[in-house]
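Text of upload-v8.cif (mmCIF, C-alpha atoms and all ligand atoms) as supplied:
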data_coords
#
loop_
_atom_site.label_atom_id
_atom_site.label_comp_id
_atom_site.auth_asym_id
_atom_site.auth_seq_id
_atom_site.Cartn_x
_atom_site.Cartn_y
_atom_site.Cartn_z
CA MET Y 293 67.71 31.07 79.32
CA PRO Y 294 65.45 33.06 81.66
CA ARG Y 295 67.03 35.88 83.70
CA PHE Y 296 67.08 35.27 87.45
CA LEU Y 297 67.59 37.34 90.59
CA PHE Y 298 69.97 35.36 92.79
CA GLY Y 299 69.90 35.40 96.55
CA ALA Y 300 69.99 33.57 99.87
CA HIS Y 301 68.31 33.24 103.22
CA THR Y 302 70.62 35.51 105.22
CA GLY Y 303 71.22 35.82 108.96
CA VAL Y 304 69.79 38.56 111.16
CA ALA Y 305 71.74 38.07 114.41
CA GLY Y 306 72.35 41.51 115.90
CA GLY Y 307 69.57 43.18 113.87
CA LEU Y 308 67.43 42.57 110.80
CA HIS Y 309 69.53 45.01 108.72
CA ASN Y 310 72.44 42.56 109.09
CA GLY Y 311 70.57 40.30 106.67
CA LEU Y 312 70.90 43.06 104.05
CA ILE Y 313 74.57 43.61 104.86
CA GLU Y 314 75.32 39.89 104.47
CA GLY Y 315 73.32 39.81 101.24
CA ALA Y 316 75.29 42.72 99.78
CA GLU Y 317 78.59 41.16 100.86
CA ILE Y 318 77.93 37.83 99.19
CA GLY Y 319 76.53 39.32 95.99
CA CYS Y 320 72.78 38.79 96.42
CA ASP Y 321 70.26 40.47 94.12
CA THR Y 322 67.48 39.41 96.53
CA ILE Y 323 67.33 38.06 100.10
CA GLN Y 324 65.04 36.16 102.44
CA ILE Y 325 65.09 36.56 106.24
CA PHE Y 326 63.20 35.54 109.37
CA THR Y 327 61.70 38.60 111.07
CA SER Y 328 61.40 36.64 114.33
CA SER Y 329 62.72 33.37 115.71
CA PRO Y 330 61.18 30.64 113.50
CA ARG Y 331 60.88 28.17 116.40
CA GLN Y 332 59.16 30.43 118.94
CA TRP Y 333 55.59 31.66 119.14
CA ALA Y 334 56.45 34.97 120.76
CA ALA Y 335 57.82 37.60 118.39
CA LYS Y 336 59.50 40.77 119.56
CA PRO Y 337 57.75 43.79 118.07
CA LEU Y 338 59.97 45.80 115.74
CA THR Y 339 61.20 49.07 117.16
CA ASP Y 340 61.03 52.26 115.10
CA ASP Y 341 64.84 52.28 115.16
CA ALA Y 342 65.06 48.75 113.76
CA ILE Y 343 62.62 49.66 110.96
CA ALA Y 344 64.50 52.88 110.13
CA LEU Y 345 67.84 51.05 110.09
CA TRP Y 346 66.43 48.35 107.81
CA LYS Y 347 64.90 50.86 105.39
CA ALA Y 348 68.07 52.97 105.17
CA LYS Y 349 70.20 49.88 104.51
CA ALA Y 350 67.70 48.47 101.98
CA ALA Y 351 67.75 51.74 100.03
CA GLU Y 352 71.56 51.79 100.15
CA VAL Y 353 72.16 48.23 98.90
CA GLY Y 354 69.27 48.11 96.41
CA ILE Y 355 68.39 44.48 97.08
CA ALA Y 356 64.98 43.34 95.72
CA PRO Y 357 62.65 41.61 96.06
CA LEU Y 358 62.77 41.49 99.87
CA ILE Y 359 61.34 38.28 101.26
CA ALA Y 360 60.56 36.90 104.73
CA HIS Y 361 59.88 33.28 105.67
CA ASP Y 362 57.29 32.68 108.39
CA SER Y 363 57.71 30.75 111.65
CA TYR Y 364 57.77 26.95 111.39
CA LEU Y 365 55.24 26.68 114.23
CA ILE Y 366 52.41 28.33 112.31
CA ASN Y 367 49.77 25.89 111.00
CA LEU Y 368 46.90 27.61 109.21
CA ALA Y 369 45.34 24.18 108.49
CA SER Y 370 45.11 23.09 112.12
CA PRO Y 371 41.75 21.57 113.11
CA ASP Y 372 42.56 22.46 116.75
CA PRO Y 373 40.94 25.83 117.55
CA GLU Y 374 43.69 26.88 119.97
CA THR Y 375 46.56 26.12 117.57
CA ARG Y 376 44.69 27.77 114.74
CA GLN Y 377 44.08 30.92 116.77
CA LYS Y 378 47.75 31.09 117.80
CA SER Y 379 48.76 30.49 114.19
CA LEU Y 380 46.45 33.21 112.91
CA SER Y 381 47.75 35.86 115.28
CA ALA Y 382 51.37 34.85 114.68
CA PHE Y 383 50.80 34.94 110.92
CA ILE Y 384 49.15 38.36 111.06
CA GLY Y 385 52.17 39.52 113.10
CA GLU Y 386 54.48 38.18 110.36
CA LEU Y 387 52.60 40.25 107.77
CA GLU Y 388 52.52 43.36 109.97
CA ARG Y 389 56.30 43.20 110.46
CA GLY Y 390 56.82 42.50 106.77
CA GLU Y 391 54.63 45.44 105.74
CA ALA Y 392 56.38 47.77 108.21
CA LEU Y 393 59.73 46.78 106.65
CA GLY Y 394 58.44 47.22 103.10
CA LEU Y 395 58.91 43.55 102.18
CA ASP Y 396 57.46 42.12 98.98
CA TYR Y 397 56.64 38.54 100.01
CA LEU Y 398 56.09 36.34 103.05
CA VAL Y 399 56.88 32.72 102.19
CA SER Y 400 54.70 30.30 104.09
CA HIS Y 401 54.21 26.54 104.19
CA PRO Y 402 50.47 26.04 103.61
CA GLY Y 403 49.99 23.83 106.69
CA ALA Y 404 49.34 20.28 107.90
CA HIS Y 405 45.87 18.79 108.30
CA VAL Y 406 46.99 16.52 111.19
CA GLY Y 407 44.31 13.92 110.54
CA SER Y 408 41.33 16.00 109.42
CA GLY Y 409 42.00 15.07 105.77
CA GLU Y 410 43.21 16.96 102.73
CA GLU Y 411 39.93 18.56 101.79
CA ALA Y 412 39.20 19.82 105.32
CA GLY Y 413 42.79 21.02 105.63
CA ILE Y 414 42.61 23.01 102.42
CA ALA Y 415 39.27 24.54 103.42
CA GLN Y 416 40.77 25.47 106.80
CA ILE Y 417 43.81 27.16 105.21
CA ALA Y 418 41.55 29.11 102.84
CA ALA Y 419 39.37 30.25 105.77
CA SER Y 420 42.52 31.23 107.70
CA LEU Y 421 43.87 33.20 104.75
CA ASP Y 422 40.54 35.00 104.39
CA GLU Y 423 40.74 36.07 108.05
CA VAL Y 424 44.37 37.10 107.62
CA HIS Y 425 43.54 39.13 104.53
CA GLN Y 426 40.69 40.91 106.32
CA ALA Y 427 42.98 41.76 109.23
CA THR Y 428 45.62 43.14 106.86
CA ALA Y 429 43.43 45.01 104.37
CA GLY Y 430 45.40 47.30 102.07
CA PHE Y 431 48.78 45.66 102.77
CA LYS Y 432 51.17 45.50 99.82
CA ILE Y 433 53.09 42.42 101.02
CA LYS Y 434 51.88 39.18 99.43
CA VAL Y 435 51.84 35.67 100.85
CA ALA Y 436 53.93 33.22 98.81
CA LEU Y 437 52.61 29.71 99.45
CA GLU Y 438 55.49 27.24 99.26
CA THR Y 439 55.51 23.75 97.80
CA THR Y 440 56.37 21.18 100.47
CA ALA Y 441 58.06 17.77 100.66
CA ALA Y 442 54.73 16.04 101.50
CA LYS Y 443 56.03 14.91 104.89
CA GLY Y 444 53.31 13.48 107.14
CA THR Y 445 50.01 15.31 106.73
CA THR Y 446 51.64 18.40 105.24
CA LEU Y 447 49.67 20.03 102.43
CA GLY Y 448 51.31 21.64 99.40
CA GLY Y 449 53.22 18.49 98.41
CA VAL Y 450 51.09 18.10 95.28
CA PHE Y 451 50.59 20.92 92.79
CA GLU Y 452 46.80 20.39 92.74
CA HIS Y 453 46.56 21.69 96.32
CA PHE Y 454 47.43 25.19 95.08
CA PRO Y 455 44.55 25.71 92.61
CA ALA Y 456 42.25 24.12 95.20
CA LEU Y 457 43.38 26.67 97.77
CA LEU Y 458 43.32 29.62 95.40
CA SER Y 459 39.78 28.81 94.29
CA HIS Y 460 38.57 28.87 97.93
CA VAL Y 461 40.27 32.15 98.92
CA ALA Y 462 38.29 35.39 98.53
CA ALA Y 463 41.35 37.45 97.49
CA PRO Y 464 43.58 35.10 95.44
CA GLU Y 465 45.31 38.15 93.90
CA ARG Y 466 47.11 38.56 97.23
CA LEU Y 467 48.74 35.12 96.86
CA VAL Y 468 51.73 33.96 94.86
CA VAL Y 469 53.68 30.69 94.85
CA CYS Y 470 57.22 29.70 95.87
CA LEU Y 471 58.54 26.43 94.42
CA ASP Y 472 61.27 24.64 96.41
CA THR Y 473 63.33 22.27 94.23
CA CYS Y 474 64.33 20.02 97.14
CA HIS Y 475 60.75 19.82 98.39
CA ILE Y 476 59.10 18.93 95.09
CA TYR Y 477 61.79 16.34 94.28
CA ASP Y 478 61.36 14.81 97.75
CA ALA Y 479 57.58 14.90 97.24
CA GLY Y 480 57.94 12.79 94.08
CA TYR Y 481 58.20 15.22 91.15
CA ASP Y 482 61.07 13.92 89.01
CA LEU Y 483 62.65 17.21 88.02
CA VAL Y 484 65.88 15.37 87.14
CA GLY Y 485 64.47 12.62 84.90
CA ASP Y 486 61.61 14.62 83.40
CA PRO Y 487 62.08 18.38 83.92
CA THR Y 488 59.75 19.37 81.08
CA GLY Y 489 57.03 17.04 82.35
CA VAL Y 490 57.23 18.56 85.84
CA TRP Y 491 56.88 22.08 84.41
CA ASP Y 492 54.02 20.91 82.14
CA ASN Y 493 52.27 19.65 85.26
CA PHE Y 494 53.02 22.91 87.11
CA ALA Y 495 51.69 24.97 84.18
CA ALA Y 496 48.47 22.97 84.09
CA THR Y 497 47.83 23.25 87.83
CA VAL Y 498 49.47 26.26 89.51
CA GLY Y 499 50.39 28.29 86.40
CA PHE Y 500 53.60 30.21 85.70
CA GLU Y 501 51.94 33.58 86.35
CA ARG Y 502 51.75 32.76 90.10
CA LEU Y 503 55.41 31.75 90.34
CA LYS Y 504 57.54 34.52 91.91
CA ILE Y 505 60.17 32.67 93.97
CA ILE Y 506 62.18 29.48 93.62
CA HIS Y 507 63.96 28.03 96.64
CA ALA Y 508 66.97 26.47 94.94
CA ASN Y 509 68.11 23.69 97.24
CA ASP Y 510 69.70 20.38 96.34
CA SER Y 511 68.18 17.33 98.04
CA LYS Y 512 70.11 14.99 100.28
CA PHE Y 513 67.73 12.02 100.06
CA GLY Y 514 66.07 12.54 96.69
CA LEU Y 515 63.06 11.54 94.65
CA ALA Y 516 59.94 10.70 96.68
CA SER Y 517 61.97 10.43 99.92
CA LYS Y 518 59.62 12.92 101.68
CA ARG Y 519 62.59 13.85 103.88
CA ASP Y 520 63.23 17.58 103.22
CA GLN Y 521 66.98 17.66 103.87
CA HIS Y 522 68.68 20.40 101.88
CA ALA Y 523 72.14 19.93 100.32
CA HIS Y 524 74.65 22.26 98.63
CA ILE Y 525 73.86 22.97 94.97
CA GLY Y 526 75.34 20.13 92.91
CA GLU Y 527 76.17 17.94 95.92
CA GLY Y 528 72.79 16.30 96.39
CA THR Y 529 70.59 13.99 94.34
CA ILE Y 530 69.53 16.79 91.94
CA GLY Y 531 73.09 17.64 90.92
CA ASP Y 532 74.60 20.26 88.61
CA ALA Y 533 72.98 18.91 85.44
CA GLY Y 534 69.64 18.54 87.20
CA PHE Y 535 69.57 22.24 88.18
CA ALA Y 536 70.87 23.41 84.81
CA ARG Y 537 68.14 21.50 82.94
CA PHE Y 538 65.23 22.16 85.29
CA LEU Y 539 65.89 25.91 85.51
CA SER Y 540 66.46 26.47 81.81
CA ASP Y 541 62.83 25.95 80.80
CA PRO Y 542 61.96 28.89 78.53
CA ARG Y 543 58.51 29.22 80.13
CA LEU Y 544 59.99 30.43 83.43
CA PRO Y 545 59.07 34.08 84.06
CA GLU Y 546 61.79 36.74 83.86
CA ASN Y 547 63.30 38.06 87.10
CA LEU Y 548 62.28 35.09 89.18
CA ALA Y 549 63.88 35.26 92.65
CA LEU Y 550 66.16 32.24 93.20
CA ILE Y 551 66.87 31.85 96.91
CA VAL Y 552 69.31 29.30 98.34
CA GLU Y 553 68.52 27.81 101.75
CA THR Y 554 71.48 25.48 101.55
CA PRO Y 555 73.68 24.45 104.50
CA VAL Y 556 76.40 26.76 105.78
CA ASP Y 557 79.54 24.72 106.53
CA ASP Y 558 83.12 25.68 107.40
CA ASP Y 559 84.22 25.55 103.78
CA LYS Y 560 81.02 26.35 101.90
CA GLY Y 561 78.22 28.84 102.45
CA HIS Y 562 75.65 30.86 100.53
CA ARG Y 563 78.29 32.75 98.55
CA GLU Y 564 79.57 29.52 96.95
CA ASN Y 565 76.08 28.16 96.29
CA ILE Y 566 74.97 31.38 94.60
CA ALA Y 567 78.15 31.44 92.51
CA LYS Y 568 77.48 27.83 91.49
CA LEU Y 569 73.92 28.63 90.42
CA ARG Y 570 75.03 31.70 88.47
CA GLN Y 571 77.58 29.55 86.66
CA LEU Y 572 75.11 26.73 85.91
CA LEU Y 573 72.46 29.15 84.65
CA SER Y 574 74.56 31.52 82.56
ZN ZN Q 1 62.10 26.44 101.02
ZN ZN Q 2 63.03 22.51 103.19
#

Rewrite the structure from the file as structure tokens, please.
Ligand SMILES: [Zn+2]
Ligand SMILES: [Zn+2]
Amino acid sequence: MPRFLFGAHTGVAGGLHNGLIEGAEIGCDTIQIFTSSPRQWAAKPLTDDAIALWKAKAAEVGIAPLIAHDSYLINLASPDPETRQKSLSAFIGELERGEALGLDYLVSHPGAHVGSGEEAGIAQIAASLDEVHQATAGFKIKVALETTAAKGTTLGGVFEHFPALLSHVAAPERLVVCLDTCHIYDAGYDLVGDPTGVWDNFAATVGFERLKIIHANDSKFGLASKRDQHAHIGEGTIGDAGFARFLSDPRLPENLALIVETPVDDDKGHRENIAKLRQLLS
């Protein structure tokens, strides 16, 4: 059984450092946060105080890796020049905030081609990433491209999109991959019926050496639904046995960050979902 680092997407109301405090309280090895509101273009710049508070708390709790997820509005594949420009500056802002905070990864959905076609969309994302990389030369933070549920014209719902993207980008060493269990199941990868086959496919396309983060989410609607509705671990269509089998593949790299982005209800939150995963994977 591979060794994992368990964590959650934690809340930052009242200050980013609160994401670290919540993570420590619920027993996270690693956390993911939003560094700005994910549904707004405008991002408040980080104050020196906010950065100092974050860094002091991060050193105190020893949580790693530290991960951010980018804004949902960003579309690096957009064929519309205005949206693309807005996306580029917002994305550069995400990386600047992440670098200032000393984060390891920025998880990002690759983008949606909105009618221009897969090939044009992938070329556009690669061109966007090249611009982003030039604007953030020397940064340590890496972009983690996330697998998606293949909703609409969203790219990243098939593994082949990742090698296509990586081969077009000038600095592929600055990119890693985040696999979301709910997304790939919803996109049509049968990780319940054929876990080994899904990993074989992943190995042949993306490659295990790129894999740094898994978003461990159960899926409400299930195989090939293309819905992207997360459920508590064990309570969706993947189920306890599905997670236990899929995440016990011996090829998985050591110290992979396993982040839950599961619902937070009155009776069940991240603490319970992390405990469930630890139990299933021990
Ligand atoms: Zn995710
Ligand atoms: Zn999702």

- Message: List as a list in words the protein and nucleic acid residues near Ala523 of chain Y, meaning an atom at most 8 Å away when all atoms listed in the file are counted, but skip any in the same chain fewer than 4 places from it.
- Response: Asn509, Asp510, Ser511, Lys512, Glu527, Gly528, Thr554 and Pro555 of chain Y

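All residues of protein, DNA or RNA that reach within 12 Å of segment 305-307 of chain Y, judged by only C-alpha atoms and not counting those fewer than 4 positions away in the chain, are Gly311, Leu312, Ile313, Glu314, Ile325, Phe326, Thr327, Ser328, Ser329, Lys336, Leu338, Thr339, Asp341, Ala342, Ile343, Ala344, Leu345, Trp346 and Lys349 of chain Y.
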
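Comparing Y:Tyr364, Y:Leu539, Y:Val435, Y:Ala412 by their smallest distance to Ile384 of chain Y, the closest is Y:Val435 (using only C-alpha atoms).
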
- Enumerate as JSON, numbers by chain the residues within 9 Å of ligand ZN 2 (chain Q), counting all atoms listed in the file. {"Y": [440, 441, 472, 473, 474, 475, 507, 509, 511, 519, 520, 521, 522, 553]}

Could you build a table of the residues in segment 502-545 of chain Y lying no more than 12 Å from segment 396-409 of chain Y, giving for each the nearest pair of atoms and their separation in Å rounded to one decimal place, using all atoms listed in the file, ordered by chain and ascending residue number, as JSON lines?
{"residue": "Y:Leu503", "atom": "CA", "partner": "Y:Tyr397", "partner_atom": "CA", "distance": 11.9}
{"residue": "Y:Lys504", "atom": "CA", "partner": "Y:Tyr397", "partner_atom": "CA", "distance": 9.1}
{"residue": "Y:Ile505", "atom": "CA", "partner": "Y:Val399", "partner_atom": "CA", "distance": 8.9}
{"residue": "Y:Ile506", "atom": "CA", "partner": "Y:Val399", "partner_atom": "CA", "distance": 10.6}
{"residue": "Y:His507", "atom": "CA", "partner": "Y:Val399", "partner_atom": "CA", "distance": 10.1}
